[in-house]
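Here is final_36.pdb, consisting of PDB, C-alpha atoms, pLDDT in the B column:
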```
ATOM      1  CA  MET B   4     115.332 103.527 155.887  1.00 48.00           C
ATOM      2  CA  THR B   5     115.153 100.714 153.334  1.00 48.00           C
ATOM      3  CA  ASP B   6     117.777 100.084 150.721  1.00 52.00           C
ATOM      4  CA  LEU B   7     116.574 100.712 147.198  1.00 48.00           C
ATOM      5  CA  PRO B   8     117.489  98.143 144.563  1.00 60.00           C
ATOM      6  CA  PRO B   9     120.373  99.245 142.332  1.00 67.00           C
ATOM      7  CA  ARG B  10     119.384 101.193 139.220  1.00 80.00           C
ATOM      8  CA  HIS B  11     119.887  99.144 136.078  1.00 84.00           C
ATOM      9  CA  LEU B  12     120.636 100.437 132.586  1.00 86.00           C
ATOM     10  CA  VAL B  13     119.852  98.507 129.419  1.00 87.00           C
ATOM     11  CA  VAL B  14     123.063  97.385 127.694  1.00 89.00           C
ATOM     12  CA  GLY B  15     121.808  95.013 124.976  1.00 90.00           C
ATOM     13  CA  ARG B  16     118.892  93.298 123.258  1.00 90.00           C
ATOM     14  CA  LEU B  17     118.775  89.500 123.298  1.00 89.00           C
ATOM     15  CA  ARG B  18     118.147  88.460 119.730  1.00 85.00           C
ATOM     16  CA  LYS B  19     118.107  84.672 119.413  1.00 75.00           C
ATOM     17  CA  PRO B  20     119.962  81.527 120.412  1.00 72.00           C
ATOM     18  CA  HIS B  21     123.024  80.820 118.280  1.00 73.00           C
ATOM     19  CA  GLY B  22     123.858  77.171 117.807  1.00 67.00           C
ATOM     20  CA  LEU B  23     122.953  74.361 120.199  1.00 69.00           C
ATOM     21  CA  LYS B  24     125.210  74.937 123.204  1.00 68.00           C
ATOM     22  CA  GLY B  25     123.613  77.928 124.923  1.00 68.00           C
ATOM     23  CA  GLU B  26     125.208  80.739 122.958  1.00 84.00           C
ATOM     24  CA  CYS B  27     122.963  83.766 122.438  1.00 90.00           C
ATOM     25  CA  ALA B  28     123.204  86.626 119.934  1.00 89.00           C
ATOM     26  CA  VAL B  29     122.978  90.048 121.592  1.00 91.00           C
ATOM     27  CA  PHE B  30     122.691  93.389 119.827  1.00 91.00           C
ATOM     28  CA  PRO B  31     124.805  95.746 121.993  1.00 91.00           C
ATOM     29  CA  LEU B  32     123.237  99.015 123.149  1.00 86.00           C
ATOM     30  CA  THR B  33     126.492 100.301 124.595  1.00 84.00           C
ATOM     31  CA  ASP B  34     129.583 101.837 123.041  1.00 81.00           C
ATOM     32  CA  ASP B  35     131.827  99.558 125.122  1.00 85.00           C
ATOM     33  CA  PRO B  36     130.644  95.968 124.484  1.00 89.00           C
ATOM     34  CA  GLN B  37     134.067  94.392 125.222  1.00 89.00           C
ATOM     35  CA  SER B  38     133.945  95.695 128.795  1.00 89.00           C
ATOM     36  CA  VAL B  39     130.202  95.396 129.470  1.00 91.00           C
ATOM     37  CA  PHE B  40     129.999  91.816 128.145  1.00 93.00           C
ATOM     38  CA  ALA B  41     133.355  90.579 129.492  1.00 93.00           C
ATOM     39  CA  PRO B  42     133.445  87.058 130.986  1.00 94.00           C
ATOM     40  CA  GLY B  43     132.679  87.129 134.698  1.00 94.00           C
ATOM     41  CA  ARG B  44     130.431  90.221 134.498  1.00 93.00           C
ATOM     42  CA  SER B  45     126.820  89.963 135.669  1.00 93.00           C
ATOM     43  CA  VAL B  46     123.766  90.974 133.648  1.00 93.00           C
ATOM     44  CA  TRP B  47     120.015  90.649 134.140  1.00 93.00           C
ATOM     45  CA  VAL B  48     117.297  89.710 131.637  1.00 92.00           C
ATOM     46  CA  THR B  49     114.779  92.567 131.624  1.00 89.00           C
ATOM     47  CA  SER B  50     111.365  92.852 129.959  1.00 86.00           C
ATOM     48  CA  LEU B  51     110.302  95.842 127.855  1.00 83.00           C
ATOM     49  CA  ALA B  52     108.312  96.970 130.908  1.00 79.00           C
ATOM     50  CA  GLY B  53     111.574  97.206 132.879  1.00 80.00           C
ATOM     51  CA  GLU B  54     110.898  94.172 135.078  1.00 84.00           C
ATOM     52  CA  GLN B  55     113.773  91.802 135.827  1.00 86.00           C
ATOM     53  CA  VAL B  56     112.934  88.369 134.392  1.00 84.00           C
ATOM     54  CA  ALA B  57     116.159  86.506 135.265  1.00 83.00           C
ATOM     55  CA  GLY B  58     119.491  87.192 136.839  1.00 78.00           C
ATOM     56  CA  PRO B  59     122.023  87.841 137.865  1.00 91.00           C
ATOM     57  CA  LEU B  60     123.546  85.855 135.014  1.00 92.00           C
ATOM     58  CA  GLU B  61     127.301  85.478 134.917  1.00 94.00           C
ATOM     59  CA  ILE B  62     128.771  85.824 131.436  1.00 94.00           C
ATOM     60  CA  GLY B  63     130.808  82.709 130.655  1.00 92.00           C
ATOM     61  CA  ARG B  64     132.132  83.565 127.209  1.00 90.00           C
ATOM     62  CA  SER B  65     131.851  86.573 124.927  1.00 91.00           C
ATOM     63  CA  ARG B  66     132.876  87.168 121.329  1.00 89.00           C
ATOM     64  CA  ILE B  67     132.102  89.763 118.694  1.00 89.00           C
ATOM     65  CA  TYR B  68     130.227  88.323 115.712  1.00 85.00           C
ATOM     66  CA  HIS B  69     129.443  90.808 112.918  1.00 86.00           C
ATOM     67  CA  ARG B  70     127.494  93.651 114.607  1.00 87.00           C
ATOM     68  CA  GLU B  71     126.437  91.478 117.526  1.00 89.00           C
ATOM     69  CA  VAL B  72     128.030  89.856 120.552  1.00 92.00           C
ATOM     70  CA  LEU B  73     127.679  86.120 121.140  1.00 91.00           C
ATOM     71  CA  LEU B  74     127.387  85.316 124.848  1.00 92.00           C
ATOM     72  CA  THR B  75     127.161  82.216 126.992  1.00 88.00           C
ATOM     73  CA  PHE B  76     125.931  82.308 130.570  1.00 90.00           C
ATOM     74  CA  VAL B  77     127.331  80.129 133.353  1.00 91.00           C
ATOM     75  CA  GLY B  78     124.864  77.305 134.076  1.00 89.00           C
ATOM     76  CA  TYR B  79     122.927  77.691 130.829  1.00 84.00           C
ATOM     77  CA  ASP B  80     124.479  75.117 128.535  1.00 84.00           C
ATOM     78  CA  ASP B  81     121.880  74.470 125.844  1.00 79.00           C
ATOM     79  CA  ARG B  82     119.625  76.291 123.441  1.00 80.00           C
ATOM     80  CA  ALA B  83     116.405  75.390 125.288  1.00 79.00           C
ATOM     81  CA  ALA B  84     117.628  77.107 128.470  1.00 80.00           C
ATOM     82  CA  ILE B  85     117.773  80.528 126.778  1.00 81.00           C
ATOM     83  CA  GLU B  86     115.097  80.218 124.082  1.00 83.00           C
ATOM     84  CA  GLY B  87     112.474  81.985 126.212  1.00 82.00           C
ATOM     85  CA  TRP B  88     114.574  85.147 126.469  1.00 85.00           C
ATOM     86  CA  ARG B  89     114.365  85.986 122.753  1.00 80.00           C
ATOM     87  CA  ASP B  90     113.775  89.728 122.215  1.00 82.00           C
ATOM     88  CA  PHE B  91     114.174  90.611 125.907  1.00 89.00           C
ATOM     89  CA  LEU B  92     116.765  93.146 127.070  1.00 91.00           C
ATOM     90  CA  LEU B  93     119.977  92.759 129.056  1.00 91.00           C
ATOM     91  CA  SER B  94     120.652  95.243 131.837  1.00 91.00           C
ATOM     92  CA  ALA B  95     123.453  95.891 134.302  1.00 91.00           C
ATOM     93  CA  PRO B  96     123.672  97.922 137.514  1.00 90.00           C
ATOM     94  CA  ALA B  97     124.578 101.521 136.654  1.00 85.00           C
ATOM     95  CA  GLU B  98     127.425 101.597 139.194  1.00 86.00           C
ATOM     96  CA  THR B  99     129.186  98.720 137.384  1.00 87.00           C
ATOM     97  CA  LEU B 100     129.278 100.606 134.074  1.00 86.00           C
ATOM     98  CA  THR B 101     131.790 103.215 132.989  1.00 84.00           C
ATOM     99  CA  PRO B 102     130.220 106.605 133.710  1.00 82.00           C
ATOM    100  CA  PRO B 103     129.796 109.052 130.846  1.00 81.00           C
ATOM    101  CA  ALA B 104     132.881 111.119 130.030  1.00 80.00           C
ATOM    102  CA  GLU B 105     133.061 114.880 130.494  1.00 81.00           C
ATOM    103  CA  GLY B 106     130.399 116.510 128.301  1.00 76.00           C
ATOM    104  CA  GLU B 107     128.496 113.217 127.829  1.00 80.00           C
ATOM    105  CA  VAL B 108     125.210 112.158 129.364  1.00 83.00           C
ATOM    106  CA  TYR B 109     122.855 109.181 129.314  1.00 82.00           C
ATOM    107  CA  LEU B 110     119.877 110.088 127.129  1.00 80.00           C
ATOM    108  CA  HIS B 111     117.359 109.151 129.825  1.00 81.00           C
ATOM    109  CA  GLU B 112     118.913 111.779 132.106  1.00 85.00           C
ATOM    110  CA  LEU B 113     118.218 114.727 129.774  1.00 89.00           C
ATOM    111  CA  ALA B 114     114.576 115.203 130.799  1.00 90.00           C
ATOM    112  CA  GLY B 115     114.600 118.005 133.333  1.00 92.00           C
ATOM    113  CA  PHE B 116     117.867 119.618 132.201  1.00 93.00           C
ATOM    114  CA  ALA B 117     117.746 123.416 132.216  1.00 94.00           C
ATOM    115  CA  VAL B 118     118.434 124.949 128.800  1.00 94.00           C
ATOM    116  CA  HIS B 119     120.343 128.240 128.504  1.00 94.00           C
ATOM    117  CA  ASP B 120     121.663 130.307 125.614  1.00 91.00           C
ATOM    118  CA  PRO B 121     125.427 130.999 125.353  1.00 92.00           C
ATOM    119  CA  ALA B 122     124.979 134.247 127.340  1.00 92.00           C
ATOM    120  CA  GLY B 123     123.449 132.301 130.249  1.00 91.00           C
ATOM    121  CA  ASN B 124     119.833 133.350 129.691  1.00 90.00           C
ATOM    122  CA  PRO B 125     117.293 130.604 130.474  1.00 92.00           C
ATOM    123  CA  LEU B 126     115.429 129.226 127.448  1.00 91.00           C
ATOM    124  CA  GLY B 127     113.437 126.409 129.047  1.00 91.00           C
ATOM    125  CA  VAL B 128     113.586 122.831 130.304  1.00 94.00           C
ATOM    126  CA  VAL B 129     114.071 119.579 128.360  1.00 94.00           C
ATOM    127  CA  THR B 130     110.786 117.639 128.593  1.00 93.00           C
ATOM    128  CA  SER B 131     111.727 114.624 126.458  1.00 90.00           C
ATOM    129  CA  VAL B 132     114.154 113.134 123.954  1.00 89.00           C
ATOM    130  CA  GLU B 133     112.629 111.953 120.683  1.00 88.00           C
ATOM    131  CA  GLU B 134     114.237 109.787 118.014  1.00 84.00           C
ATOM    132  CA  TYR B 135     113.523 110.720 114.411  1.00 85.00           C
ATOM    133  CA  PRO B 136     115.031 109.391 111.161  1.00 85.00           C
ATOM    134  CA  THR B 137     117.214 112.511 111.055  1.00 84.00           C
ATOM    135  CA  GLY B 138     118.520 111.901 114.598  1.00 83.00           C
ATOM    136  CA  LEU B 139     117.755 112.726 118.201  1.00 87.00           C
ATOM    137  CA  MET B 140     115.658 115.775 119.001  1.00 90.00           C
ATOM    138  CA  LEU B 141     115.227 117.485 122.343  1.00 92.00           C
ATOM    139  CA  GLU B 142     111.746 118.715 123.173  1.00 92.00           C
ATOM    140  CA  VAL B 143     112.143 121.903 125.212  1.00 92.00           C
ATOM    141  CA  GLN B 144     109.375 123.703 127.096  1.00 92.00           C
ATOM    142  CA  GLY B 145     110.119 127.376 126.582  1.00 87.00           C
ATOM    143  CA  ARG B 146     108.479 130.375 128.225  1.00 84.00           C
ATOM    144  CA  LYS B 147     105.526 130.448 125.834  1.00 84.00           C
ATOM    145  CA  ARG B 148     105.717 127.261 123.775  1.00 86.00           C
ATOM    146  CA  GLU B 149     107.496 123.981 123.225  1.00 89.00           C
ATOM    147  CA  PHE B 150     110.121 123.630 120.521  1.00 88.00           C
ATOM    148  CA  LEU B 151     112.289 120.839 119.120  1.00 90.00           C
ATOM    149  CA  VAL B 152     116.026 121.185 118.689  1.00 90.00           C
ATOM    150  CA  PRO B 153     118.440 118.655 117.147  1.00 90.00           C
ATOM    151  CA  PHE B 154     120.719 117.067 119.758  1.00 90.00           C
ATOM    152  CA  ARG B 155     123.842 117.869 117.744  1.00 89.00           C
ATOM    153  CA  LYS B 156     127.158 119.525 118.609  1.00 88.00           C
ATOM    154  CA  GLU B 157     126.506 122.606 116.498  1.00 89.00           C
ATOM    155  CA  PHE B 158     123.361 123.396 118.541  1.00 91.00           C
ATOM    156  CA  VAL B 159     124.007 121.836 121.970  1.00 91.00           C
ATOM    157  CA  VAL B 160     127.412 123.345 122.634  1.00 91.00           C
ATOM    158  CA  LEU B 161     127.810 122.393 126.306  1.00 91.00           C
ATOM    159  CA  VAL B 162     126.419 119.629 128.515  1.00 91.00           C
ATOM    160  CA  GLU B 163     126.926 119.951 132.269  1.00 90.00           C
ATOM    161  CA  ARG B 164     125.746 116.635 133.701  1.00 87.00           C
ATOM    162  CA  GLU B 165     126.303 117.469 137.377  1.00 88.00           C
ATOM    163  CA  ALA B 166     124.515 120.826 137.091  1.00 90.00           C
ATOM    164  CA  ARG B 167     121.758 119.241 134.899  1.00 92.00           C
ATOM    165  CA  ARG B 168     122.200 122.065 132.407  1.00 93.00           C
ATOM    166  CA  LEU B 169     122.928 122.439 128.725  1.00 92.00           C
ATOM    167  CA  VAL B 170     123.818 125.395 126.575  1.00 94.00           C
ATOM    168  CA  LEU B 171     121.970 125.760 123.312  1.00 92.00           C
ATOM    169  CA  ASP B 172     123.198 127.853 120.387  1.00 91.00           C
ATOM    170  CA  ALA B 173     119.812 127.845 118.677  1.00 81.00           C
ATOM    171  CA  PRO B 174     119.373 128.394 114.937  1.00 74.00           C
ATOM    172  CA  GLU B 175     117.908 131.772 113.974  1.00 76.00           C
ATOM    173  CA  GLY B 176     114.137 131.843 114.469  1.00 72.00           C
ATOM    174  CA  LEU B 177     113.849 128.595 116.442  1.00 69.00           C
ATOM    175  CA  ILE B 178     112.908 130.082 119.773  1.00 71.00           C
ATOM    176  CA  ASP B 179     111.501 133.479 118.790  1.00 62.00           C
ATOM    177  CA  GLU B 180     108.586 134.238 121.053  1.00 54.00           C
TER     178      GLU B 180
END
```

Could the structure of this file be written out as structure tokens, please?
Amino acid sequence: MTDLPPRHLVVGRLRKPHGLKGECAVFPLTDDPQSVFAPGRSVWVTSLAGEQVAGPLEIGRSRIYHREVLLTFVGYDDRAAIEGWRDFLLSAPAETLTPPAEGEVYLHELAGFAVHDPAGNPLGVVTSVEEYPTGLMLEVQGRKREFLVPFRKEFVVLVEREARRLVLDAPEGLIDE
């Protein structure tokens, strides 16, 4: 049996070099940037296609700057060394990141979750997560048709990550067959 490479999750978007000494502006895509981008941690440069372009890169210095994080990488000491990474993504092995808390889930994991009503009756299966200006919507394949439901606490009342199940308190008329 061969070892599979570790699964990586995207944690930030490389924006642009900052200054002349190898500092790079990163827009964080994590709710814990102080931990994820701490000095000594390793990250990988990843393309939009999910291919690793560079890494592992050891974070040398990290500081919050407005809504971004300014990072330096060990061995990359000037602007030219990081210029080619503009608009790429930063990823980290999933096992090095803090797992979701009870009742939380990574959005990419939701596809395939079973959907039940509060009484335990099956309503369908999540087929995708869509982002709209009003927020995240779950596309659910029901018995006879697909329907969209807002991924909000008042509708999705329970998320069971280990069981790959969520409980939906659907608005009146949403899932009428």

Point to revise | Exercise: Pro103 (chain B) partners within 12 Å, all atoms listed in the file, chain neighbours under 6 positions left out, as a list in words | key: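 My reading of the contact set: Thr33, Asp34, Asp35, Ala97, Tyr109, Leu110, Glu112, Val162, Glu163, Arg164 and Glu165 of chain B.
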
Serialized selection, C-alpha atoms, as a short mmCIF file (atom, residue, chain, number, x, y, z; two decimals), in the coordinates of the input:
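Output below, filename again_39.cif:
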```cif
data_model
loop_
_atom_site.label_atom_id
_atom_site.label_comp_id
_atom_site.auth_asym_id
_atom_site.auth_seq_id
_atom_site.Cartn_x
_atom_site.Cartn_y
_atom_site.Cartn_z
CA THR B 33 126.49 100.30 124.60
CA ASP B 34 129.58 101.84 123.04
CA ASP B 35 131.83 99.56 125.12
CA ALA B 97 124.58 101.52 136.65
CA TYR B 109 122.86 109.18 129.31
CA LEU B 110 119.88 110.09 127.13
CA GLU B 112 118.91 111.78 132.11
CA VAL B 162 126.42 119.63 128.51
CA GLU B 163 126.93 119.95 132.27
CA ARG B 164 125.75 116.64 133.70
CA GLU B 165 126.30 117.47 137.38
#
```

Practice item. List, as JSON, numbers by chain, every residue that the PyMOL selection byres ((chain B and resi 62-64) around 8) selects in the file provided. Key: {"B": [40, 41, 42, 43, 44, 45, 46, 60, 61, 65, 66, 73, 74, 75, 76, 77]}

Review point. Between CA of Leu93 (chain B) and CA of Thr130 (chain B), what is the spacing in Å?
Key: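 Interatomic distance, CA of Thr130 (chain B) to CA of Leu93 (chain B): 26.5 Å.
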
**Study point:** For Glu107 (chain B), the nearest of the candidates B:Arg146, B:Arg168, B:His69, B:Arg10, counting all atoms listed in the file
**Key:** B:Arg168

Practice item. Starting from the displayed file, determine the output of the PyMOL selection byres ((chain B and resi 147-151) around 9) and express the residue list as a list in words. Key: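 Taken over the shown coordinates, the PyMOL selection byres ((chain B and resi 147-151) around 9) returns Gly127, Thr130, Met140, Leu141, Glu142, Val143, Gln144, Gly145, Arg146, Val152, Pro153, Leu177, Ile178 and Glu180 of chain B.
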
Exercise for review: Taking the file as shown, find all residues satisfying the PyMOL selection byres ((chain B and resi 17) around 7) and write them as a list in words.
Suggested key: Gly15, Arg16, Arg18, Lys19, Ala28, Val29, Phe30, Trp88, Arg89, Asp90, Phe91, Leu92 and Leu93 of chain B

Check your understanding: Quick one: distance from CA of Val39 (chain B) to CA of Glu71 (chain B) in Å, one decimal?
Key -> 13.1 Å

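Non-sequential neighbours of Gly123 (chain B) (distance at most 12 Å, separation of 5 or more positions within a chain, only C-alpha atoms) are B:Ala117, B:Val118, B:Leu161, B:Arg168, B:Leu169, B:Val170, B:Leu171, B:Asp172.
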